[in-house]
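Shown here: input_0.csv, CSV, C-alpha atoms.
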chain,number,residue,atom,x,y,z
A,1,MET,CA,122.1,-103.4,-171.9
A,2,GLN,CA,122.2,-103.4,-175.7
A,3,TYR,CA,118.9,-103.1,-177.6
A,4,TYR,CA,118.4,-103.7,-181.4
A,5,ILE,CA,115.1,-102.2,-182.5
A,6,ILE,CA,113.5,-102.6,-186.0
A,7,ALA,CA,110.7,-100.3,-187.2
A,8,GLY,CA,109.8,-100.1,-191.0
A,9,GLU,CA,107.3,-97.3,-191.2
A,10,ALA,CA,106.7,-93.7,-190.0
A,11,SER,CA,104.3,-94.8,-187.3
A,12,GLY,CA,106.9,-97.3,-186.0
A,13,ASP,CA,109.5,-94.5,-186.0
A,14,LEU,CA,107.2,-92.4,-183.8
A,15,HIS,CA,106.4,-95.2,-181.3
A,16,GLY,CA,110.0,-96.5,-181.4
A,17,SER,CA,111.3,-93.0,-180.5
A,18,ASN,CA,109.0,-92.8,-177.4
A,19,LEU,CA,110.0,-96.4,-176.4
A,20,ILE,CA,113.7,-95.4,-176.7
A,21,LYS,CA,113.2,-92.4,-174.5
A,22,GLU,CA,111.5,-94.5,-171.8
A,23,LEU,CA,114.2,-97.2,-172.0
A,24,LEU,CA,116.9,-94.7,-171.5
A,25,LEU,CA,115.1,-93.4,-168.4
A,26,LEU,CA,115.3,-96.9,-167.0
A,27,ASP,CA,118.7,-97.8,-168.4
A,28,SER,CA,120.7,-94.6,-168.9
A,29,LYS,CA,123.8,-96.5,-170.2
A,30,ALA,CA,121.9,-98.5,-172.8
A,31,SER,CA,123.3,-98.8,-176.3
A,32,ILE,CA,120.6,-98.8,-178.9
A,33,ARG,CA,120.9,-99.6,-182.6
A,34,CYS,CA,117.9,-99.3,-184.9
A,35,TRP,CA,116.2,-99.5,-188.2
A,36,GLY,CA,113.7,-96.7,-188.2
A,37,GLY,CA,113.7,-93.0,-188.9
A,38,ASN,CA,114.8,-89.5,-187.7
A,39,LYS,CA,112.7,-89.6,-184.6
A,40,MET,CA,114.3,-92.8,-183.3
A,41,GLU,CA,117.7,-91.4,-184.1
A,42,ALA,CA,116.9,-88.1,-182.3
A,43,ALA,CA,115.7,-90.1,-179.3
A,44,GLY,CA,119.2,-91.6,-178.8
A,45,ALA,CA,119.5,-94.6,-181.1
A,46,ARG,CA,122.2,-95.3,-183.8
A,47,LEU,CA,120.3,-95.4,-187.1
A,48,VAL,CA,121.4,-98.2,-189.4
A,49,LYS,CA,118.6,-98.1,-192.1
A,50,HIS,CA,115.9,-95.5,-192.7
A,51,TYR,CA,112.3,-96.8,-193.1
A,52,ARG,CA,111.9,-94.9,-196.4
A,53,ASP,CA,114.3,-97.4,-198.0
A,54,LEU,CA,112.2,-100.3,-196.7
A,55,ALA,CA,108.6,-99.4,-197.4
A,56,PHE,CA,106.9,-101.3,-200.2
A,57,MET,CA,103.1,-101.1,-200.4
A,58,GLY,CA,100.9,-103.9,-201.6
A,59,PHE,CA,101.4,-107.5,-202.7
A,60,ALA,CA,102.5,-106.6,-206.3
A,61,GLU,CA,105.0,-104.0,-205.1
A,62,VAL,CA,106.5,-106.5,-202.6
A,63,ILE,CA,107.0,-109.2,-205.2
A,64,LYS,CA,108.7,-106.6,-207.6
A,65,ASN,CA,111.1,-105.6,-204.8
A,66,LEU,CA,111.9,-109.1,-203.5
A,67,PRO,CA,115.7,-108.9,-204.4
A,68,THR,CA,116.0,-105.7,-202.3
A,69,ILE,CA,114.0,-107.2,-199.4
A,70,PHE,CA,116.2,-110.3,-199.3
A,71,LYS,CA,119.3,-108.1,-199.5
A,72,ASN,CA,118.1,-106.1,-196.5
A,73,LEU,CA,117.3,-109.3,-194.5
A,74,ASP,CA,120.8,-110.6,-195.1
A,75,PHE,CA,122.4,-107.3,-194.1
A,76,CYS,CA,120.2,-107.1,-191.0
A,77,LYS,CA,121.1,-110.5,-189.7
A,78,LYS,CA,124.8,-109.8,-190.1
A,79,ASP,CA,124.4,-106.4,-188.3
A,80,ILE,CA,122.5,-108.0,-185.4
A,81,LEU,CA,125.2,-110.7,-184.9
A,82,ALA,CA,128.0,-108.0,-185.0
A,83,PHE,CA,126.1,-105.9,-182.4
A,84,LYS,CA,125.3,-108.8,-180.0
A,85,PRO,CA,122.2,-107.3,-178.5
A,86,ASP,CA,120.6,-108.4,-175.1
A,87,ALA,CA,117.3,-108.1,-176.9
A,88,LEU,CA,115.9,-107.7,-180.3
A,89,ILE,CA,112.8,-105.4,-180.2
A,90,LEU,CA,110.5,-105.6,-183.2
A,91,ILE,CA,107.9,-102.9,-184.0
A,92,ASP,CA,105.0,-104.0,-186.3
A,93,TYR,CA,106.3,-104.3,-189.9
A,94,PRO,CA,105.5,-108.1,-190.0
A,95,GLY,CA,106.7,-109.1,-193.5
A,96,PHE,CA,110.3,-108.3,-192.5
A,97,ASN,CA,110.2,-108.6,-188.7
A,98,LEU,CA,108.6,-112.1,-188.5
A,99,ARG,CA,111.4,-113.5,-190.6
A,100,ILE,CA,114.0,-111.8,-188.5
A,101,ALA,CA,112.2,-113.1,-185.3
A,102,GLU,CA,112.4,-116.7,-186.5
A,103,TRP,CA,116.1,-116.4,-187.3
A,104,ALA,CA,117.0,-114.5,-184.1
A,105,LYS,CA,115.3,-117.0,-181.9
A,106,LYS,CA,117.5,-119.7,-183.4
A,107,GLN,CA,120.5,-117.6,-182.5
A,108,GLY,CA,119.5,-117.5,-178.9
A,109,ILE,CA,118.6,-113.8,-178.9
A,110,ASN,CA,115.7,-112.5,-176.7
A,111,VAL,CA,112.9,-111.5,-179.1
A,112,ILE,CA,110.4,-109.0,-178.0
A,113,TYR,CA,107.6,-107.7,-180.2
A,114,TYR,CA,106.0,-104.3,-179.5
A,115,ILE,CA,102.9,-103.6,-181.5
A,116,SER,CA,101.6,-106.8,-182.8
A,117,PRO,CA,101.4,-107.7,-186.5
A,118,GLN,CA,97.8,-107.7,-187.6
A,119,VAL,CA,97.5,-111.4,-187.6
A,120,TRP,CA,93.8,-111.1,-186.7
A,121,ALA,CA,93.2,-109.5,-190.1
A,122,TRP,CA,94.7,-112.2,-192.3
A,123,LYS,CA,96.7,-115.5,-192.1
A,124,GLU,CA,95.9,-116.2,-188.5
A,125,SER,CA,98.1,-119.3,-188.7
A,126,ARG,CA,101.1,-117.0,-188.3
A,127,VAL,CA,100.4,-117.0,-184.6
A,128,LYS,CA,101.9,-120.5,-184.5
A,129,GLY,CA,105.2,-119.1,-185.7
A,130,ILE,CA,105.0,-116.1,-183.4
A,131,LYS,CA,104.5,-118.4,-180.3
A,132,LYS,CA,107.7,-120.2,-181.3
A,133,SER,CA,109.8,-117.2,-182.2
A,134,VAL,CA,108.7,-114.3,-179.9
A,135,ASP,CA,109.5,-114.5,-176.2
A,136,LYS,CA,107.3,-111.5,-175.2
A,137,MET,CA,104.5,-109.9,-177.1
A,138,LEU,CA,103.3,-106.4,-176.1
A,139,VAL,CA,100.0,-105.4,-177.8
A,140,ILE,CA,98.4,-101.9,-178.1
A,141,LEU,CA,94.8,-102.8,-179.3
A,142,PRO,CA,92.3,-103.9,-176.6
A,143,PHE,CA,90.9,-106.8,-178.6
A,144,GLU,CA,94.3,-108.3,-179.3
A,145,LYS,CA,94.7,-109.8,-175.8
A,146,GLU,CA,91.5,-111.9,-176.3
A,147,PHE,CA,92.5,-112.8,-179.8
A,148,TYR,CA,95.8,-114.3,-178.7
A,149,LYS,CA,94.2,-116.0,-175.7
A,150,LYS,CA,92.2,-118.3,-178.1
A,151,TRP,CA,95.6,-119.4,-179.4
A,152,ASN,CA,96.7,-120.1,-175.8
A,153,TYR,CA,99.4,-117.4,-176.0
A,154,GLU,CA,99.6,-114.9,-173.2
A,155,VAL,CA,100.4,-111.4,-174.3
A,156,GLU,CA,100.5,-108.0,-172.5
A,157,TYR,CA,98.3,-105.1,-173.3
A,158,VAL,CA,100.2,-101.9,-172.6
A,159,GLY,CA,97.7,-99.3,-173.8
A,160,HIS,CA,97.9,-97.4,-177.1
A,161,PRO,CA,100.9,-95.0,-177.5
A,162,LEU,CA,99.0,-92.5,-179.6
A,163,VAL,CA,96.8,-91.4,-176.7
A,164,GLN,CA,99.7,-89.9,-174.7
A,165,VAL,CA,101.4,-88.6,-177.8
A,166,ILE,CA,98.3,-86.6,-178.8
A,167,ASP,CA,97.4,-85.5,-175.3
A,168,GLU,CA,100.9,-84.1,-174.8
A,169,PHE,CA,100.7,-82.4,-178.1
A,170,LYS,CA,97.4,-80.8,-177.3
A,171,VAL,CA,98.8,-79.4,-174.0
A,172,GLN,CA,102.2,-78.3,-175.3
A,173,HIS,CA,101.2,-77.0,-178.8
A,174,ALA,CA,97.8,-75.5,-178.3
A,175,ALA,CA,99.2,-72.0,-178.7
A,176,GLU,CA,101.4,-73.1,-181.6
A,177,ALA,CA,98.4,-74.5,-183.5
A,178,SER,CA,96.6,-71.2,-183.2
A,179,VAL,CA,99.7,-69.3,-184.4
A,180,TYR,CA,99.9,-71.8,-187.3
A,181,LYS,CA,96.3,-71.1,-188.3
A,182,ALA,CA,96.7,-67.3,-187.9
A,183,ALA,CA,99.9,-67.2,-190.0
A,184,SER,CA,98.7,-69.6,-192.7
A,185,PHE,CA,95.1,-68.3,-193.0
A,186,PRO,CA,94.8,-64.6,-192.1
A,187,ASN,CA,91.1,-64.7,-192.8
A,188,LYS,CA,89.8,-66.0,-189.4
A,189,GLY,CA,86.6,-67.3,-191.0
A,190,VAL,CA,88.4,-69.9,-193.1
A,191,ASN,CA,87.3,-73.5,-192.7
A,192,ILE,CA,90.0,-76.1,-193.1
A,193,ILE,CA,89.7,-79.6,-194.4
A,194,ALA,CA,92.8,-81.8,-193.9
A,195,LEU,CA,93.9,-84.3,-196.6
A,196,LEU,CA,96.1,-87.1,-195.3
A,197,PRO,CA,97.0,-89.2,-198.3
A,198,GLY,CA,99.7,-91.4,-196.8
A,199,SER,CA,103.5,-91.5,-196.9
A,200,ARG,CA,104.4,-93.6,-199.9
A,201,LYS,CA,104.5,-92.5,-203.5
A,202,GLN,CA,102.4,-95.4,-204.8
A,203,GLU,CA,99.5,-94.8,-202.4
A,204,ILE,CA,99.6,-91.0,-202.7
A,205,LEU,CA,99.4,-91.2,-206.5
A,206,LYS,CA,96.4,-93.6,-206.3
A,207,LYS,CA,94.3,-91.5,-203.8
A,208,LEU,CA,95.4,-87.9,-203.7
A,209,PRO,CA,94.2,-86.9,-207.2
A,210,ILE,CA,90.7,-88.1,-206.4
A,211,MET,CA,90.7,-86.4,-203.0
A,212,LEU,CA,91.9,-83.1,-204.6
A,213,GLN,CA,89.1,-83.0,-207.1
A,214,VAL,CA,86.6,-82.7,-204.2
A,215,ALA,CA,87.9,-79.3,-203.4
A,216,ALA,CA,86.0,-77.8,-206.4
A,217,ASP,CA,82.7,-78.7,-204.6
A,218,PHE,CA,83.7,-76.8,-201.4
A,219,PRO,CA,84.7,-73.3,-202.5
A,220,ASP,CA,84.1,-72.0,-198.9
A,221,TYR,CA,86.7,-74.4,-197.5
A,222,HIS,CA,90.5,-74.5,-197.7
A,223,PHE,CA,92.0,-77.9,-198.3
A,224,VAL,CA,95.4,-78.6,-196.8
A,225,VAL,CA,97.5,-81.6,-197.8
A,226,ALA,CA,99.8,-83.1,-195.1
A,227,LYS,CA,102.9,-84.0,-197.1
A,228,ALA,CA,105.1,-87.0,-196.3
A,229,PRO,CA,108.4,-85.6,-195.0
A,230,GLY,CA,110.5,-88.1,-196.8
A,231,LEU,CA,109.3,-87.1,-200.3
A,232,GLU,CA,110.8,-84.4,-202.5
A,233,GLU,CA,108.9,-81.1,-202.9
A,234,GLY,CA,108.6,-81.5,-206.6
A,235,PHE,CA,106.5,-84.7,-206.2
A,236,TYR,CA,103.5,-82.7,-205.0
A,237,HIS,CA,103.8,-79.6,-207.2
A,238,ASP,CA,102.0,-80.8,-210.3
A,239,LEU,CA,99.3,-82.6,-208.3
A,240,LEU,CA,98.4,-79.5,-206.3
A,241,ALA,CA,98.9,-76.7,-208.9
A,242,PRO,CA,95.5,-76.8,-210.5
A,243,TYR,CA,93.6,-76.1,-207.3
A,244,LYS,CA,93.1,-72.6,-206.0
A,245,ASN,CA,91.8,-73.5,-202.5
A,246,VAL,CA,94.5,-76.1,-201.8
A,247,SER,CA,97.8,-75.7,-200.0
A,248,SER,CA,100.1,-78.0,-198.1
A,249,VAL,CA,102.2,-78.4,-195.0
A,250,VAL,CA,105.1,-80.7,-194.0
A,251,ASN,CA,105.8,-81.9,-190.5
A,252,LYS,CA,102.7,-80.1,-189.3
A,253,THR,CA,100.1,-82.8,-189.4
A,254,TYR,CA,99.1,-82.5,-185.8
A,255,GLU,CA,98.9,-78.7,-186.1
A,256,LEU,CA,96.7,-79.2,-189.1
A,257,LEU,CA,94.4,-81.7,-187.3
A,258,SER,CA,94.1,-79.2,-184.4
A,259,VAL,CA,92.4,-76.7,-186.6
A,260,ALA,CA,90.6,-78.9,-189.2
A,261,LYS,CA,86.8,-79.1,-189.5
A,262,ALA,CA,87.0,-82.5,-191.2
A,263,ALA,CA,89.5,-84.8,-192.9
A,264,LEU,CA,89.9,-87.2,-195.8
A,265,VAL,CA,92.3,-89.8,-194.5
A,266,THR,CA,94.0,-92.9,-196.0
A,267,SER,CA,93.8,-96.1,-193.9
A,268,GLY,CA,96.3,-96.8,-191.2
A,269,THR,CA,97.5,-95.0,-188.1
A,270,ALA,CA,96.3,-91.6,-189.5
A,271,THR,CA,92.7,-92.6,-189.1
A,272,LEU,CA,93.2,-93.2,-185.3
A,273,GLU,CA,95.2,-89.9,-185.0
A,274,THR,CA,92.4,-88.0,-186.7
A,275,ALA,CA,89.8,-89.6,-184.3
A,276,LEU,CA,91.9,-88.7,-181.2
A,277,PHE,CA,91.9,-85.1,-182.4
A,278,GLU,CA,88.1,-85.5,-182.6
A,279,VAL,CA,88.1,-84.5,-186.3
A,280,PRO,CA,85.2,-85.9,-188.4
A,281,GLU,CA,86.8,-88.1,-191.1
A,282,VAL,CA,86.1,-90.1,-194.3
A,283,VAL,CA,88.5,-93.0,-194.8
A,284,CYS,CA,89.8,-93.2,-198.4
A,285,TYR,CA,91.6,-96.3,-199.7
A,286,LYS,CA,92.6,-97.4,-203.2
A,287,GLY,CA,95.4,-99.8,-204.1
A,288,SER,CA,96.6,-101.4,-207.3
A,289,ALA,CA,94.0,-103.7,-208.9
A,290,VAL,CA,96.2,-106.8,-208.4
A,291,SER,CA,97.0,-106.0,-204.7
A,292,PHE,CA,93.4,-105.2,-203.9
A,293,GLN,CA,92.1,-108.5,-205.4
A,294,ILE,CA,94.7,-110.5,-203.4
A,295,ALA,CA,93.9,-108.5,-200.3
A,296,LYS,CA,90.1,-109.2,-200.7
A,297,TRP,CA,90.8,-112.9,-201.0
A,298,LEU,CA,93.1,-113.0,-197.9
A,299,ILE,CA,91.8,-110.4,-195.5
A,300,LYS,CA,89.0,-111.6,-193.2
A,301,ILE,CA,87.9,-108.5,-191.3
A,302,LYS,CA,84.8,-106.3,-191.5
A,303,TYR,CA,86.7,-103.0,-191.7
A,304,ILE,CA,90.0,-101.6,-192.8
A,305,CYS,CA,90.0,-98.5,-190.5
A,306,LEU,CA,91.4,-98.9,-187.0
A,307,VAL,CA,88.7,-96.7,-185.5
A,308,ASN,CA,86.0,-99.1,-186.8
A,309,LEU,CA,87.9,-102.2,-185.9
A,310,ILE,CA,88.5,-101.1,-182.3
A,311,MET,CA,84.9,-100.0,-181.8
A,312,ASN,CA,83.6,-103.1,-183.8
A,313,LYS,CA,81.1,-101.0,-185.7
A,314,GLU,CA,81.2,-98.4,-188.5
A,315,VAL,CA,82.0,-95.2,-186.7
A,316,VAL,CA,83.5,-93.5,-189.8
A,317,ARG,CA,82.7,-94.1,-193.5
A,318,GLU,CA,85.1,-96.2,-195.5
A,319,LEU,CA,85.4,-95.6,-199.2
A,320,ILE,CA,87.4,-98.5,-200.6
A,321,GLN,CA,88.7,-99.1,-204.1
A,322,ASP,CA,85.9,-98.5,-206.7
A,323,GLU,CA,83.8,-96.7,-204.1
A,324,LEU,CA,86.5,-94.0,-203.8
A,325,THR,CA,85.0,-91.5,-206.3
A,326,VAL,CA,84.7,-87.8,-206.2
A,327,THR,CA,80.9,-88.1,-205.9
A,328,ASN,CA,81.0,-90.4,-203.0
A,329,ILE,CA,83.7,-88.4,-201.1
A,330,THR,CA,81.7,-85.2,-201.7
A,331,THR,CA,78.5,-86.8,-200.3
A,332,GLU,CA,80.2,-88.2,-197.2
A,333,LEU,CA,82.1,-85.0,-196.5
A,334,LYS,CA,78.9,-82.9,-196.7
A,335,LYS,CA,77.4,-85.3,-194.1
A,336,ILE,CA,80.1,-84.9,-191.5
A,337,LEU,CA,80.3,-81.2,-192.1
A,338,SER,CA,76.6,-80.3,-191.8
A,339,ASP,CA,74.6,-83.2,-190.4
A,340,THR,CA,74.2,-82.3,-186.7
A,341,THR,CA,73.0,-85.8,-185.7
A,342,LYS,CA,75.9,-87.4,-187.5
A,343,LYS,CA,78.4,-85.1,-185.9
A,344,GLN,CA,77.0,-85.6,-182.4
A,345,GLN,CA,77.2,-89.4,-182.8
A,346,LEU,CA,80.7,-89.2,-184.1
A,347,GLN,CA,81.9,-87.2,-181.1
A,348,LYS,CA,80.2,-89.7,-178.7
A,349,ASP,CA,82.0,-92.6,-180.5
A,350,TYR,CA,85.3,-90.8,-180.4
A,351,THR,CA,85.0,-90.3,-176.6
A,352,SER,CA,84.3,-94.0,-176.2
A,353,LEU,CA,87.2,-94.9,-178.4
A,354,LYS,CA,89.7,-92.8,-176.4
A,355,SER,CA,88.4,-94.3,-173.2
A,356,LEU,CA,89.0,-97.9,-174.5
A,357,LEU,CA,92.6,-97.0,-175.6
A,358,SER,CA,93.4,-95.2,-172.4
A,359,LYS,CA,92.7,-98.2,-170.1
A,360,GLY,CA,96.2,-99.5,-170.4
A,361,GLY,CA,97.9,-96.3,-169.3
A,362,ASN,CA,101.1,-94.8,-170.7
A,363,ALA,CA,102.0,-97.4,-173.4
A,364,SER,CA,105.6,-96.3,-174.1
A,365,ALA,CA,106.5,-96.3,-170.4
A,366,ASN,CA,104.6,-99.6,-169.8
A,367,ALA,CA,106.4,-101.3,-172.7
A,368,ALA,CA,109.8,-100.0,-171.6
A,369,LYS,CA,109.3,-101.2,-168.0
A,370,SER,CA,108.0,-104.6,-169.2
A,371,ILE,CA,111.1,-105.1,-171.5
A,372,TYR,CA,113.6,-103.9,-168.9
A,373,THR,CA,112.0,-106.1,-166.2
A,374,TYR,CA,112.0,-109.1,-168.5
A,375,LEU,CA,115.7,-108.7,-169.3
A,376,MET,CA,117.0,-108.0,-165.8
A,377,PRO,CA,118.5,-111.0,-164.1
A,378,GLN,CA,116.2,-112.2,-161.3
Output the structure of this file as structure tokens.
Amino acid sequence: MQYYIIAGEASGDLHGSNLIKELLLLDSKASIRCWGGNKMEAAGARLVKHYRDLAFMGFAEVIKNLPTIFKNLDFCKKDILAFKPDALILIDYPGFNLRIAEWAKKQGINVIYYISPQVWAWKESRVKGIKKSVDKMLVILPFEKEFYKKWNYEVEYVGHPLVQVIDEFKVQHAAEASVYKAASFPNKGVNIIALLPGSRKQEILKKLPIMLQVAADFPDYHFVVAKAPGLEEGFYHDLLAPYKNVSSVVNKTYELLSVAKAALVTSGTATLETALFEVPEVVCYKGSAVSFQIAKWLIKIKYICLVNLIMNKEVVRELIQDELTVTNITTELKKILSDTTKKQQLQKDYTSLKSLLSKGGNASANAAKSIYTYLMPQ
């Protein structure tokens, strides 16, 4: 069969690549065309557009780039029609994908959504459109099945794909992580703090300078920035240069989390990855003033961090917008590094989190099987 897959971010590229691998195990002659990244291409898909050309962060940035977005939508529709897929598989990225879903349904194309848009966070009314446009919804967060149920829309919980990704990494790369630490930090006594500031220039420039200033208050620790692979080397140079106890890695985020004592993490998938590596973390978020005010008005959830949302309580501290200061980060970082009671509670919560996310089983394999079974003639 022919599959057309659209992912618009780094996390979508990761989960899309694992879905592609599982689809090809079930359908070895499948032809797959995609919008995504290097991982999806390496997994066996023909890459049409890279996600780094699609990612616009925040309401203000989206408005500014509307001409590009509309141009991409038009190109995407023409490319889908030319390819004539048996199914269109959409991975998160709702601003773009929900528009494509509505259009594709009118063309008679099977529309499958893997990794639901966060409609539970804001603009719940979008579910009405999803019910009309999406033939099959596969969700990865435990509470999403109940959320959609109240809208009388049956969805399938397949488990969270990160659980298996990280478990496999821990098994396969345990030795590699140790080698990484030994090679990068010859002094065995060094304590590492990971900085995960995001993958887009706008968000990195908002948060990383504040996160870096904290390094001066922790001279006995070495801070390591996980750089976004899509950005040029020179982008980080001037940001990192003033700090003696700061270095960086690229394409080594999991190795870094394997050896980190704590982490400062921007919101998003990275907060969940950090938790699954059992690393104490502080969530750091800051957007443009305009985008933040719009978000505050629209978003109706208690937390911005996936860890807290899934557990329905504050497991990790969130420092948002004006709260994201050097003083506040320093205070919270000291707590998760030295407060024994805090650390024990955090590990207990992390164990419960993993248990919740593991209940669905192997998400990528489950999703592929569900898609393949749905498309096969009865």
For this session: Would you list the residues near (110.9, -111.7, -181.4) (no more than 9 Å away, in the coordinates of the file, using all atoms listed in the file) as a list in words?
Result: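 In the file's frame, the residues around the point are Ala87, Leu88, Ile89, Leu90, Asn97, Leu98, Ile100, Ala101, Glu102, Ala104, Lys105, Ile109, Asn110, Val111, Ile112, Tyr113, Ile130, Ser133, Val134, Asp135, Lys136 and Met137 of chain A.
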Problem set entry | Nearest residue to A:Thr340 from the set A:Pro280, A:Lys206, A:Cys305, A:Leu319 (distances using all atoms listed in the file) |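 Comparing A:Pro280, A:Lys206, A:Cys305, A:Leu319 against A:Thr340, the winner is A:Pro280.
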For this session: Name all residues at most 10 Å from A:Glu314 (count only C-alpha atoms; drop same-chain ones fewer than 6 positions away) and give them as number ranges by chain.
Result: A: 302-303, 305, 307-308, 349
Exercise. Interatomic distance between atom CA of A:Val250 and atom CA of A:Val224?
Worked result: 10.3 Å
Problem set entry | Best match for closeness to A:His50 among A:Glu156, A:Asp74, A:Asp79, A:Glu9, counting only C-alpha atoms |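 Using only C-alpha atoms, A:His50 sits closest to A:Glu9.
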Exercise. Near A:Leu195, within 7 Å and counting all atoms listed in the file, which residues show up once chain neighbours fewer than 6 positions away are dropped, as a list in words?
Worked result: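 Selected residues are Phe223, Val224, Val225, Ala226, Ala263, Leu264 and Val265 of chain A.
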For this session: Record the distance separating atom CA of A:Ala275 and atom CA of A:Ala43, expressed in Å with one decimal.
Result: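 Value for the atom CA of A:Ala275-atom CA of A:Ala43 distance: 26.4 Å.
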Problem set entry | Point-to-point distance in Å for atom CA of A:Thr253 and atom CA of A:Lys207 |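 Those two atoms sit 17.8 Å apart.
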Problem set entry | Proximity to A:Gly361 - best of A:Val155, A:Ile329, A:Leu14, A:Leu162, all atoms listed in the file | A:Leu162
Exercise. Which of these residues is nearest to A:Ile69, using all atoms listed in the file: A:Leu54, A:Val165, A:Leu47, A:Leu240?
Worked result: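 The shortest atom-to-atom distance to A:Ile69 comes from A:Leu54.
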Reconstruct all heavy atoms of stretch 224-230 of chain A from the incomplete input and present them as a CSV table (one decimal), keeping the file's coordinate frame.
chain,number,residue,atom,x,y,z
A,224,VAL,N,94.0,-78.6,-197.1
A,224,VAL,CA,95.4,-78.6,-196.8
A,224,VAL,C,96.0,-80.0,-196.8
A,224,VAL,O,95.5,-80.9,-196.0
A,224,VAL,CB,95.7,-77.9,-195.4
A,224,VAL,CG1,97.2,-77.9,-195.2
A,224,VAL,CG2,95.1,-76.5,-195.4
A,225,VAL,N,96.9,-80.3,-197.6
A,225,VAL,CA,97.5,-81.6,-197.8
A,225,VAL,C,98.7,-81.8,-196.8
A,225,VAL,O,99.6,-80.9,-196.7
A,225,VAL,CB,98.1,-81.9,-199.2
A,225,VAL,CG1,98.7,-83.2,-199.3
A,225,VAL,CG2,96.9,-81.7,-200.2
A,226,ALA,N,98.7,-82.8,-196.0
A,226,ALA,CA,99.8,-83.1,-195.1
A,226,ALA,C,100.8,-83.9,-195.9
A,226,ALA,O,100.5,-85.1,-196.2
A,226,ALA,CB,99.3,-83.9,-193.9
A,227,LYS,N,101.9,-83.3,-196.3
A,227,LYS,CA,102.9,-84.0,-197.1
A,227,LYS,C,103.8,-84.9,-196.3
A,227,LYS,O,104.1,-84.7,-195.2
A,227,LYS,CB,103.7,-83.0,-197.9
A,227,LYS,CG,102.9,-82.1,-198.8
A,227,LYS,CD,103.8,-81.3,-199.8
A,227,LYS,CE,104.6,-80.2,-199.1
A,227,LYS,NZ,105.2,-79.3,-200.1
A,228,ALA,N,104.2,-86.0,-197.0
A,228,ALA,CA,105.1,-87.0,-196.3
A,228,ALA,C,106.5,-86.3,-196.3
A,228,ALA,O,107.0,-85.8,-197.3
A,228,ALA,CB,105.2,-88.3,-197.1
A,229,PRO,N,107.1,-86.3,-195.1
A,229,PRO,CA,108.4,-85.6,-195.0
A,229,PRO,C,109.5,-86.2,-195.8
A,229,PRO,O,110.5,-85.5,-196.2
A,229,PRO,CB,108.7,-85.6,-193.5
A,229,PRO,CG,107.9,-86.8,-193.0
A,229,PRO,CD,106.6,-86.8,-193.8
A,230,GLY,N,109.4,-87.5,-196.1
A,230,GLY,CA,110.5,-88.1,-196.8
A,230,GLY,C,110.5,-87.9,-198.3
A,230,GLY,O,111.4,-88.3,-199.0
